[in-house]
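Notes follow the structure.
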Amino acid sequence: MTVIEEQRDEFIRLTTPLRRELLTHCYRMLGSLQDAEDLVQETYLRAWRAYGEFEGRASLRTWLYRIATNACLNALRHGSRRMLPAGLGAPATDPIAPTARHPEIAWLEPIPDERADPAAIVSGRAGLRLALIAALQHLPAQQRTVLILRDVLAWSAEESADVLGVSPAAVHSALKRARARLERLAPAIDEITEPPEQEQRDLLDRYAAAFERADIPALTRLLTEDAVWQMPPNPAWFAGRDHVIALLTARLHGRPVRLLPLRANGQPGFASYAAGRAYGVQVLTLRGSAIAEVTAFHDASLVARFGLPSRIEHPSTPM
């Protein structure tokens, strides 16, 4: 074996265990699993090219995070902010009114739990809940980066400043502004309480059964009074149980769907199928013993990322 081959094998052995947490880091920064995968690949290519010069003054993990963070910052300079419909404007009230699509909008994407760093599948501001990732996308790139480096990765102000090419004082200032803005954008992210495991399973089973049967009274009982329903890439979204139920009544009546369970962003969810074909992914936010929000991504390509089939035998109709 040559020296280069030995070095390559060592690089693979040392860096491969870090791939999931680097993917999670890039996902937090970008709000897109596809973009995060591309940036992690770029990180590994850059790291391999520079591996011969790695002197070990910082840990290999820190070194890789520096490369990944800089790659993400460069992507943010040239890309669009990832959004959810609720971040675009006021909720809709007419469930059957036509909605103009906006192809120029880059939509937030879910991340399967099995692809993410297990340490990130937690509650609070170190987690991956959709509401938190959506709120992060509203922060300017530098504030977003500082918040993630300091509050999620627990880097020092000096380490964060070195990555960003600014002073530690500038890091402290950016962190203060980022925390304040995040508190306005996602004030209840630390207060979400999900039911115990068995109660949660029962709730999800009842929801799936009611959804597939288009059982509107049952769905009504399962939603909180302030429930929210979003359907990216449809920019319309609905707030309040009455409006959500009006939407479900218009879209589901007499047209049951088929749901298969999954986990995304540390939250329960379902893959939805229409006429036996994958239609999209629903991610549910539970509060107590009810459902407070459903983000229904109408993108069939997402289903494959969860390791689920693109077709099933039973026909169904979308929502």
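Each chain of the structure tokens is named A, B, ... in the order shown, its residues numbered from 1; ligands are numbered from 1 in display order.
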Within 9 Å of segment 76-82 of chain A: each segment 13-69 of chain A residue with its shortest pair, only C-alpha atoms, as a tab-separated table:
residue	atom	partner	partner_atom	distance
A:Met29	CA	A:Leu76	CA	8.5
A:Leu30	CA	A:Arg82	CA	7.2
A:Gly31	CA	A:Arg82	CA	5.9
A:Ser32	CA	A:Arg82	CA	7.4
- Pull the helix (DSSP H, G or I) assignments for segment 125-160 of chain A out of DSSP run on the backbone, and list those residues as a PyMOL selection string. chain A and resi 125-126+130-136+141-152+157-160
How would the residues just picked look written out with N, CA, C and O atoms as a short mmCIF file (atom, residue, chain, number, x, y, z; two decimals), in the first residue's frame?
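again-v8.cif, freshly written:
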data_model
loop_
_atom_site.label_atom_id
_atom_site.label_comp_id
_atom_site.auth_asym_id
_atom_site.auth_seq_id
_atom_site.Cartn_x
_atom_site.Cartn_y
_atom_site.Cartn_z
N ARG A 125 -33.84 24.54 21.49
CA ARG A 125 -33.14 25.27 20.44
C ARG A 125 -31.93 24.53 19.88
O ARG A 125 -31.30 25.02 18.94
N ALA A 126 -31.58 23.40 20.45
CA ALA A 126 -30.51 22.59 19.88
C ALA A 126 -31.07 21.49 18.98
O ALA A 126 -30.32 20.68 18.46
N LEU A 130 -39.19 21.66 12.78
CA LEU A 130 -39.42 22.49 11.59
C LEU A 130 -39.56 23.97 11.94
O LEU A 130 -39.04 24.84 11.23
N ALA A 131 -40.26 24.26 13.03
CA ALA A 131 -40.45 25.66 13.41
C ALA A 131 -39.13 26.34 13.69
O ALA A 131 -38.93 27.52 13.35
N LEU A 132 -38.20 25.62 14.31
CA LEU A 132 -36.89 26.19 14.61
C LEU A 132 -36.08 26.39 13.34
O LEU A 132 -35.47 27.46 13.13
N ILE A 133 -36.05 25.38 12.46
CA ILE A 133 -35.28 25.50 11.22
C ILE A 133 -35.84 26.63 10.36
O ILE A 133 -35.10 27.41 9.76
N ALA A 134 -37.18 26.75 10.32
CA ALA A 134 -37.81 27.83 9.56
C ALA A 134 -37.42 29.19 10.15
O ALA A 134 -37.15 30.15 9.42
N ALA A 135 -37.40 29.29 11.48
CA ALA A 135 -37.03 30.56 12.12
C ALA A 135 -35.57 30.91 11.83
O ALA A 135 -35.24 32.08 11.59
N LEU A 136 -34.68 29.91 11.84
CA LEU A 136 -33.27 30.17 11.56
C LEU A 136 -33.08 30.78 10.17
O LEU A 136 -32.19 31.62 9.97
N ALA A 141 -27.24 35.61 7.41
CA ALA A 141 -26.30 34.48 7.39
C ALA A 141 -25.32 34.52 8.57
O ALA A 141 -25.05 33.49 9.20
N GLN A 142 -24.78 35.69 8.87
CA GLN A 142 -23.80 35.76 9.95
C GLN A 142 -24.43 35.50 11.30
O GLN A 142 -23.88 34.77 12.13
N GLN A 143 -25.62 36.06 11.54
CA GLN A 143 -26.31 35.80 12.80
C GLN A 143 -26.68 34.33 12.93
O GLN A 143 -26.55 33.73 14.01
N ARG A 144 -27.16 33.75 11.85
CA ARG A 144 -27.52 32.33 11.85
C ARG A 144 -26.31 31.47 12.20
O ARG A 144 -26.38 30.56 13.03
N THR A 145 -25.18 31.79 11.58
CA THR A 145 -23.96 31.02 11.81
C THR A 145 -23.48 31.15 13.24
O THR A 145 -23.13 30.16 13.90
N VAL A 146 -23.46 32.37 13.75
CA VAL A 146 -23.02 32.61 15.13
C VAL A 146 -23.92 31.86 16.10
O VAL A 146 -23.44 31.21 17.04
N LEU A 147 -25.23 31.91 15.90
CA LEU A 147 -26.16 31.23 16.80
C LEU A 147 -25.90 29.73 16.81
O LEU A 147 -25.88 29.10 17.87
N ILE A 148 -25.69 29.15 15.64
CA ILE A 148 -25.45 27.71 15.56
C ILE A 148 -24.11 27.34 16.19
O ILE A 148 -24.00 26.38 16.96
N LEU A 149 -23.08 28.11 15.87
CA LEU A 149 -21.75 27.80 16.42
C LEU A 149 -21.72 27.95 17.94
O LEU A 149 -21.16 27.11 18.64
N ARG A 150 -22.35 28.99 18.45
CA ARG A 150 -22.26 29.27 19.89
C ARG A 150 -23.29 28.45 20.69
O ARG A 150 -22.93 27.85 21.70
N ASP A 151 -24.54 28.44 20.25
CA ASP A 151 -25.58 27.83 21.08
C ASP A 151 -25.81 26.35 20.80
O ASP A 151 -26.30 25.63 21.67
N VAL A 152 -25.47 25.89 19.60
CA VAL A 152 -25.65 24.47 19.27
C VAL A 152 -24.35 23.70 19.43
O VAL A 152 -24.30 22.67 20.10
N ALA A 157 -16.46 32.26 21.61
CA ALA A 157 -16.56 33.45 20.76
C ALA A 157 -15.32 33.59 19.89
O ALA A 157 -15.41 34.01 18.73
N GLU A 158 -14.17 33.22 20.43
CA GLU A 158 -12.92 33.33 19.67
C GLU A 158 -12.91 32.35 18.50
O GLU A 158 -12.50 32.70 17.37
N GLU A 159 -13.35 31.10 18.73
CA GLU A 159 -13.41 30.12 17.65
C GLU A 159 -14.40 30.56 16.56
O GLU A 159 -14.10 30.45 15.36
N SER A 160 -15.54 31.05 16.98
CA SER A 160 -16.55 31.50 16.02
C SER A 160 -16.04 32.70 15.23
O SER A 160 -16.27 32.80 14.02
#
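Going from atom CA of Leu222 of chain A over to atom CA of Asp205 of chain A, you cover 11.0 Å.
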- Message: To test your reading of the structure, identify every residue in segment 57-138 of chain A that backbone DSSP assigns to strand (DSSP E), and report it as a list in words.
- Response: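 Selecting the strand (DSSP E) positions of segment 57-138 of chain A gives Arg82, Met83, Ala106 and Trp107 of chain A.
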Residues of the last selection are to be written out with N, CA and C atoms, as a short mmCIF file (atom, residue, chain, number, x, y, z; two decimals), in the first residue's frame.
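Heads up, here's the output in out_11.cif:
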data_model
loop_
_atom_site.label_atom_id
_atom_site.label_comp_id
_atom_site.auth_asym_id
_atom_site.auth_seq_id
_atom_site.Cartn_x
_atom_site.Cartn_y
_atom_site.Cartn_z
N ARG A 82 -34.58 29.64 2.44
CA ARG A 82 -35.61 28.60 2.44
C ARG A 82 -36.78 29.02 3.32
N MET A 83 -37.99 28.82 2.83
CA MET A 83 -39.16 29.35 3.50
C MET A 83 -40.23 28.28 3.70
N ALA A 106 -37.66 29.32 -2.77
CA ALA A 106 -36.97 28.10 -2.34
C ALA A 106 -37.63 27.64 -1.04
N TRP A 107 -38.18 26.43 -1.04
CA TRP A 107 -38.94 25.95 0.11
C TRP A 107 -38.08 25.16 1.08
#
- Query: Interatomic distance between atom CA of Arg49 of chain A and atom CA of Phe11 of chain A?
  - Reply: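 Between atom CA of Arg49 of chain A and atom CA of Phe11 of chain A the gap works out to 10.7 Å.
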